[in-house]
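Just start-v7.pdb here, PDB, C-alpha atoms and all ligand atoms:
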```pdb
ATOM      1  CA  MET X  19     -94.795 -11.487  25.505
ATOM      2  CA  VAL X  20     -92.902 -14.010  27.660
ATOM      3  CA  LYS X  21     -93.720 -16.696  25.081
ATOM      4  CA  PHE X  22     -92.426 -14.484  22.295
ATOM      5  CA  LEU X  23     -89.175 -13.731  24.135
ATOM      6  CA  LYS X  24     -88.637 -17.448  24.835
ATOM      7  CA  LYS X  25     -89.139 -18.218  21.138
ATOM      8  CA  VAL X  26     -86.684 -15.490  20.077
ATOM      9  CA  LYS X  27     -84.114 -16.820  22.572
ATOM     10  CA  SER X  28     -84.501 -20.365  21.289
ATOM     11  CA  LEU X  29     -83.804 -19.155  17.726
ATOM     12  CA  ARG X  30     -80.488 -17.515  18.630
ATOM     13  CA  PRO X  31     -77.616 -19.457  17.024
ATOM     14  CA  LYS X  32     -75.157 -19.709  19.923
ATOM     15  CA  GLY X  33     -72.074 -20.597  17.848
ATOM     16  CA  SER X  34     -72.746 -18.336  14.853
ATOM     17  CA  PRO X  35     -69.931 -15.803  14.307
ATOM     18  CA  LYS X  36     -72.398 -13.513  12.509
ATOM     19  CA  TYR X  37     -74.769 -13.522  15.471
ATOM     20  CA  LEU X  38     -71.909 -12.992  17.934
ATOM     21  CA  LEU X  39     -70.571 -10.025  15.942
ATOM     22  CA  HIS X  40     -73.995  -8.393  15.712
ATOM     23  CA  ARG X  41     -74.505  -8.851  19.439
ATOM     24  CA  HIS X  42     -71.061  -7.408  20.188
ATOM     25  CA  LEU X  43     -71.011  -4.472  17.766
ATOM     26  CA  ALA X  44     -74.493  -2.956  17.915
ATOM     27  CA  GLN X  45     -74.677  -0.806  21.028
ATOM     28  CA  PRO X  46     -75.723   2.585  22.405
ATOM     29  CA  ASP X  47     -73.547   5.446  21.226
ATOM     30  CA  LYS X  48     -72.822   8.234  23.687
ATOM     31  CA  GLY X  49     -74.230  11.549  22.491
ATOM     32  CA  ARG X  50     -71.590  13.947  21.182
ATOM     33  CA  SER X  51     -71.090  16.953  23.406
ATOM     34  CA  TYR X  52     -72.614  20.230  22.199
ATOM     35  CA  ALA X  53     -69.457  22.009  23.393
ATOM     36  CA  THR X  54     -67.933  21.609  19.927
ATOM     37  CA  VAL X  55     -69.639  22.459  16.649
ATOM     38  CA  HIS X  56     -68.522  19.542  14.499
ATOM     39  CA  ALA X  57     -68.055  19.989  10.739
ATOM     40  CA  SER X  58     -70.249  16.931  10.150
ATOM     41  CA  SER X  59     -73.088  18.596  12.106
ATOM     42  CA  LEU X  60     -72.606  21.792  10.149
ATOM     43  CA  THR X  61     -72.907  20.023   6.808
ATOM     44  CA  HIS X  62     -75.684  17.652   7.897
ATOM     45  CA  PRO X  63     -78.562  17.762   5.370
ATOM     46  CA  SER X  64     -81.057  18.896   8.028
ATOM     47  CA  GLY X  65     -78.947  21.998   8.753
ATOM     48  CA  LEU X  66     -77.294  23.204  11.938
ATOM     49  CA  CYS X  67     -79.372  25.396  14.225
ATOM     50  CA  PRO X  68     -77.330  27.881  16.331
ATOM     51  CA  ARG X  69     -80.316  28.271  18.668
ATOM     52  CA  MET X  70     -80.122  24.594  19.598
ATOM     53  CA  TYR X  71     -76.522  24.991  20.831
ATOM     54  CA  ALA X  72     -77.379  28.171  22.723
ATOM     55  CA  LEU X  73     -80.386  26.513  24.371
ATOM     56  CA  ALA X  74     -78.289  23.476  25.302
ATOM     57  CA  ASP X  75     -75.791  25.826  26.966
ATOM     58  CA  VAL X  76     -78.300  27.783  29.032
ATOM     59  CA  THR X  77     -80.298  24.717  30.079
ATOM     60  CA  HIS X  78     -77.198  22.473  30.553
ATOM     61  CA  THR X  79     -78.757  19.869  28.279
ATOM     62  CA  LYS X  80     -76.579  16.954  27.234
ATOM     63  CA  ALA X  81     -76.889  15.387  23.778
ATOM     64  CA  PRO X  82     -78.993  12.214  23.950
ATOM     65  CA  ASP X  83     -77.397   8.840  23.322
ATOM     66  CA  SER X  84     -78.242   7.136  20.061
ATOM     67  CA  TRP X  85     -78.114   3.572  18.788
ATOM     68  CA  LEU X  86     -75.179   2.489  16.630
ATOM     69  CA  SER X  87     -76.100  -0.396  14.347
ATOM     70  CA  THR X  88     -73.618  -3.102  13.356
ATOM     71  CA  SER X  89     -73.524  -1.764   9.787
ATOM     72  CA  LEU X  90     -72.782   1.807  10.881
ATOM     73  CA  LYS X  91     -70.125   0.663  13.339
ATOM     74  CA  MET X  92     -68.473  -1.398  10.584
ATOM     75  CA  THR X  93     -68.609   1.570   8.178
ATOM     76  CA  PHE X  94     -67.030   3.963  10.716
ATOM     77  CA  GLN X  95     -64.333   1.429  11.629
ATOM     78  CA  ILE X  96     -63.380   0.768   7.989
ATOM     79  CA  GLY X  97     -63.162   4.540   7.444
ATOM     80  CA  ARG X  98     -60.905   4.970  10.507
ATOM     81  CA  ASP X  99     -58.691   2.039   9.435
ATOM     82  CA  GLN X 100     -58.299   3.483   5.924
ATOM     83  CA  GLU X 101     -57.482   6.922   7.311
ATOM     84  CA  ARG X 102     -54.839   5.486   9.657
ATOM     85  CA  ASN X 103     -53.261   3.388   6.910
ATOM     86  CA  ILE X 104     -53.036   6.296   4.479
ATOM     87  CA  VAL X 105     -51.417   8.542   7.100
ATOM     88  CA  LEU X 106     -48.932   5.725   7.879
ATOM     89  CA  TRP X 107     -48.117   5.236   4.193
ATOM     90  CA  PHE X 108     -47.408   8.960   3.820
ATOM     91  CA  ALA X 109     -45.257   8.747   6.960
ATOM     92  CA  GLU X 110     -43.303   5.875   5.356
ATOM     93  CA  MET X 111     -42.682   8.171   2.368
ATOM     94  CA  GLY X 112     -41.532  10.909   4.761
ATOM     95  CA  ARG X 113     -44.420  13.084   3.590
ATOM     96  CA  ALA X 114     -46.941  12.959   6.429
ATOM     97  CA  VAL X 115     -47.135  16.724   6.554
ATOM     98  CA  CYS X 116     -50.227  18.524   5.402
ATOM     99  CA  HIS X 117     -52.172  21.732   5.842
ATOM    100  CA  TRP X 118     -55.741  22.713   5.167
ATOM    101  CA  ARG X 119     -54.790  24.887   2.183
ATOM    102  CA  CYS X 120     -54.292  21.707   0.115
ATOM    103  CA  ALA X 121     -57.054  21.639  -2.533
ATOM    104  CA  THR X 122     -56.750  18.150  -3.612
ATOM    105  CA  ILE X 123     -59.175  15.696  -2.087
ATOM    106  CA  LEU X 124     -58.183  12.018  -2.065
ATOM    107  CA  TYR X 125     -60.943   9.430  -2.216
ATOM    108  CA  THR X 126     -60.382   5.722  -1.576
ATOM    109  CA  THR X 127     -62.673   2.933  -2.674
ATOM    110  CA  LYS X 128     -64.256   0.956   0.134
ATOM    111  CA  GLY X 129     -63.422  -2.450  -1.315
ATOM    112  CA  GLY X 130     -59.780  -1.525  -1.860
ATOM    113  CA  TYR X 131     -59.318  -2.907  -5.360
ATOM    114  CA  GLY X 132     -60.530   0.174  -7.169
ATOM    115  CA  THR X 133     -61.227   0.600 -10.882
ATOM    116  CA  LEU X 134     -59.344   0.572 -14.176
ATOM    117  CA  CYS X 135     -57.249   3.731 -14.213
ATOM    118  CA  ALA X 136     -55.510   5.303 -17.215
ATOM    119  CA  ASP X 137     -53.358   7.559 -14.991
ATOM    120  CA  VAL X 138     -51.192   4.847 -13.440
ATOM    121  CA  LYS X 139     -50.219   3.571 -16.921
ATOM    122  CA  LYS X 140     -49.578   7.157 -18.060
ATOM    123  CA  TRP X 141     -47.234   7.634 -15.077
ATOM    124  CA  GLY X 142     -45.233   4.571 -16.204
ATOM    125  CA  LEU X 143     -46.282   2.433 -13.237
ATOM    126  CA  PRO X 144     -46.736  -1.319 -13.833
ATOM    127  CA  GLU X 145     -50.408  -1.274 -12.780
ATOM    128  CA  ASP X 146     -53.864  -1.103 -14.359
ATOM    129  CA  PHE X 147     -56.147  -0.446 -11.392
ATOM    130  CA  SER X 148     -56.197   2.210  -8.682
ATOM    131  CA  PRO X 149     -58.136   2.300  -5.408
ATOM    132  CA  PHE X 150     -57.673   6.099  -5.320
ATOM    133  CA  LYS X 151     -59.292   9.087  -6.982
ATOM    134  CA  GLU X 152     -58.198  12.709  -6.736
ATOM    135  CA  TYR X 153     -60.450  15.736  -7.033
ATOM    136  CA  ASP X 154     -59.180  19.285  -7.266
ATOM    137  CA  ILE X 155     -61.398  21.673  -5.364
ATOM    138  CA  THR X 156     -61.500  25.373  -6.080
ATOM    139  CA  ARG X 157     -62.169  27.413  -2.968
ATOM    140  CA  ASP X 158     -65.481  29.235  -3.145
ATOM    141  CA  ASP X 159     -66.388  31.040   0.073
ATOM    142  CA  ALA X 160     -69.890  31.798  -1.213
ATOM    143  CA  GLU X 161     -70.595  28.056  -0.936
ATOM    144  CA  THR X 162     -69.725  28.033   2.753
ATOM    145  CA  ASP X 163     -70.877  31.496   3.863
ATOM    146  CA  ASP X 164     -74.145  30.219   5.341
ATOM    147  CA  LEU X 165     -72.397  27.357   7.191
ATOM    148  CA  ALA X 166     -69.771  29.757   8.547
ATOM    149  CA  LEU X 167     -72.493  32.164   9.703
ATOM    150  CA  ARG X 168     -74.258  29.425  11.694
ATOM    151  CA  ALA X 169     -71.032  28.324  13.390
ATOM    152  CA  ARG X 170     -70.025  31.937  14.040
ATOM    153  CA  THR X 171     -73.394  32.654  15.641
ATOM    154  CA  VAL X 172     -72.786  29.882  18.192
ATOM    155  CA  LYS X 173     -69.295  31.246  18.841
ATOM    156  CA  GLU X 174     -70.545  34.816  19.271
ATOM    157  CA  PHE X 175     -73.332  33.703  21.614
ATOM    158  CA  ARG X 176     -70.807  31.809  23.738
ATOM    159  CA  ALA X 177     -68.544  34.849  23.808
ATOM    160  CA  GLY X 178     -71.449  37.001  25.059
ATOM    161  CA  LEU X 179     -71.418  39.134  21.905
ATOM    162  CA  VAL X 180     -74.998  38.354  20.841
ATOM    163  CA  GLY X 181     -78.187  37.277  22.605
ATOM    164  CA  MET X 182     -80.230  34.110  22.200
ATOM    165  CA  PRO X 183     -80.206  33.291  18.464
ATOM    166  CA  GLU X 184     -83.351  32.789  16.440
ATOM    167  CA  GLY X 185     -84.044  29.218  15.309
ATOM    168  CA  ILE X 186     -84.514  27.597  11.932
ATOM    169  CA  CYS X 187     -87.922  25.947  12.478
ATOM    170  CA  SER X 188     -91.068  27.879  11.701
ATOM    171  CA  THR X 189     -93.208  25.702  13.996
ATOM    172  CA  ALA X 190     -92.754  22.953  16.575
ATOM    173  CA  PHE X 191     -94.462  20.606  14.119
ATOM    174  CA  SER X 192     -91.906  21.007  11.332
ATOM    175  CA  GLN X 193     -89.886  17.988  10.276
ATOM    176  CA  ARG X 194     -86.659  19.584  11.554
ATOM    177  CA  ALA X 195     -88.143  20.301  14.987
ATOM    178  CA  GLN X 196     -89.198  16.655  15.335
ATOM    179  CA  GLU X 197     -85.501  15.682  15.158
ATOM    180  CA  CYS X 198     -84.412  18.293  17.710
ATOM    181  CA  PRO X 199     -83.791  17.282  21.366
ATOM    182  CA  LEU X 200     -84.291  20.946  22.389
ATOM    183  CA  LYS X 201     -87.682  21.345  20.703
ATOM    184  CA  GLY X 202     -89.610  21.582  23.980
ATOM    185  CA  VAL X 203     -87.326  24.288  25.382
ATOM    186  CA  CYS X 204     -87.208  26.090  22.044
ATOM    187  CA  PHE X 205     -90.960  26.504  21.770
ATOM    188  CA  GLY X 206     -91.590  26.686  25.521
ATOM    189  CA  GLY X 207     -91.613  30.490  25.541
ATOM    190  CA  HIS X 208     -88.861  31.015  28.163
ATOM    191  CA  HIS X 209     -86.030  31.830  25.766
ATOM    192  CA  PRO X 210     -87.290  34.313  23.177
ATOM    193  CA  PRO X 211     -84.930  34.946  20.247
ATOM    194  CA  LYS X 212     -82.913  38.143  20.609
ATOM    195  CA  HIS X 213     -80.372  37.753  17.828
ATOM    196  CA  HIS X 214     -81.607  37.568  14.234
ATOM    197  CA  TRP X 215     -78.608  36.153  12.456
ATOM    198  CA  LYS X 216     -80.198  34.995   9.185
ATOM    199  CA  GLY X 217     -79.068  37.034   6.201
ATOM    200  CA  THR X 218     -76.325  38.854   8.132
ATOM    201  CA  THR X 219     -73.353  37.478   6.148
TER
HETATM  202  S1  LIG H 301     -86.671  23.172  17.423
HETATM  203 FE1  LIG H 301     -85.804  23.922  15.511
HETATM  204  S2  LIG H 301     -85.482  26.093  15.862
HETATM  205 FE2  LIG H 301     -85.755  25.147  17.846
HETATM  206  S3  LIG H 301     -83.708  24.707  18.561
HETATM  207 FE3  LIG H 301     -84.468  22.869  17.566
HETATM  208  S4  LIG H 301     -83.758  23.022  15.464
HETATM  209 FE4  LIG H 301     -83.589  25.046  16.369
END
```
As structure tokens - that is how I would like this structure written.
Amino acid sequence: MVKFLKKVKSLRPKGSPKYLLHRHLAQPDKGRSYATVHASSLTHPSGLCPRMYALADVTHTKAPDSWLSTSLKMTFQIGRDQERNIVLWFAEMGRAVCHWRCATILYTTKGGYGTLCADVKKWGLPEDFSPFKEYDITRDDAETDDLALRARTVKEFRAGLVGMPEGICSTAFSQRAQECPLKGVCFGGHHPPKHHWKGTT
């Protein structure tokens, strides 16, 4: 092992900007508090479990730290920079006012240059390419009913309106349970489910 570590150390390129950036950017990422149910957790492909939040509350469990790779850090930073720039550009236009009833979603291309776009010509602008795309979204509550129910269950548990929610894993060996930091508590038998929220929309 010592030999291996010495070899790895000897291969590190001291003056390489790429190496220095990787060493600087990749780092532990503090776990996000369970106090807030984030929209990104709600829409995560593995599905939000209200029981996990309730168990974290009663056992005072903190979210574990994770590891943020250089590529993820770069992706998040580019996203934040783009968001800030777009807000500033709308502020320059005197239009940095918005509300969540807006149904138009604006996408920006990561590279910035964008693609050939017929719209900008149609609008009489002296351009051929656009880094932006707009999508009109029609509100459909049926699409979000299940997500809203999960978030509401956490809220109602915290308000003392319902008891310990049931979970979403059928067994402790399911794929979803393997990803859950509260798996041990969940299947430990000390917090039986008292609120059956599924199908109560
Ligand atoms: S193990 Fe599954 S059911 Fe239990 S809290 Fe975690 S996600 Fe929910």
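The spacing separating CA of Tyr37 (chain X) from CA of Thr88 (chain X) amounts to 10.7 Å.
The gap separating CA of Ile96 (chain X) from CA of Lys139 (chain X) is 28.3 Å, in Å to one decimal.
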Can you tell me, as JSON, the centre and edge lengths (Å, one decimal) of the axis-aligned box enclosing all of region 190-205 of chain X's listed atoms after padding each side by 5 Å?
```
{"center_x": -89.1, "center_y": 21.1, "center_z": 17.8, "size_x": 20.7, "size_y": 20.8, "size_z": 25.1}
```
List all protein, DNA and RNA residues that have at least one atom no more than 7 Å from any atom of ligand LIG 301 (chain H), counting only C-alpha atoms and all ligand atoms, and write them as a JSON list (two decimals) with C-alpha atoms, keeping the file's coordinate frame.
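File produced: result22.json:
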```json
[["chain", "number", "residue", "atom", "x", "y", "z"],
["X", 67, "CYS", "CA", -79.37, 25.40, 14.22],
["X", 68, "PRO", "CA", -77.33, 27.88, 16.33],
["X", 69, "ARG", "CA", -80.32, 28.27, 18.67],
["X", 70, "MET", "CA", -80.12, 24.59, 19.60],
["X", 73, "LEU", "CA", -80.39, 26.51, 24.37],
["X", 185, "GLY", "CA", -84.04, 29.22, 15.31],
["X", 186, "ILE", "CA", -84.51, 27.60, 11.93],
["X", 187, "CYS", "CA", -87.92, 25.95, 12.48],
["X", 190, "ALA", "CA", -92.75, 22.95, 16.58],
["X", 194, "ARG", "CA", -86.66, 19.58, 11.55],
["X", 195, "ALA", "CA", -88.14, 20.30, 14.99],
["X", 198, "CYS", "CA", -84.41, 18.29, 17.71],
["X", 199, "PRO", "CA", -83.79, 17.28, 21.37],
["X", 200, "LEU", "CA", -84.29, 20.95, 22.39],
["X", 201, "LYS", "CA", -87.68, 21.34, 20.70],
["X", 204, "CYS", "CA", -87.21, 26.09, 22.04],
["X", 205, "PHE", "CA", -90.96, 26.50, 21.77]]
```
9 Å contact set for region 97-114 of chain X, all atoms listed in the file, chain neighbours under 4 positions out, as an MDAnalysis selection string: chainID X and resid 92:93 126 128
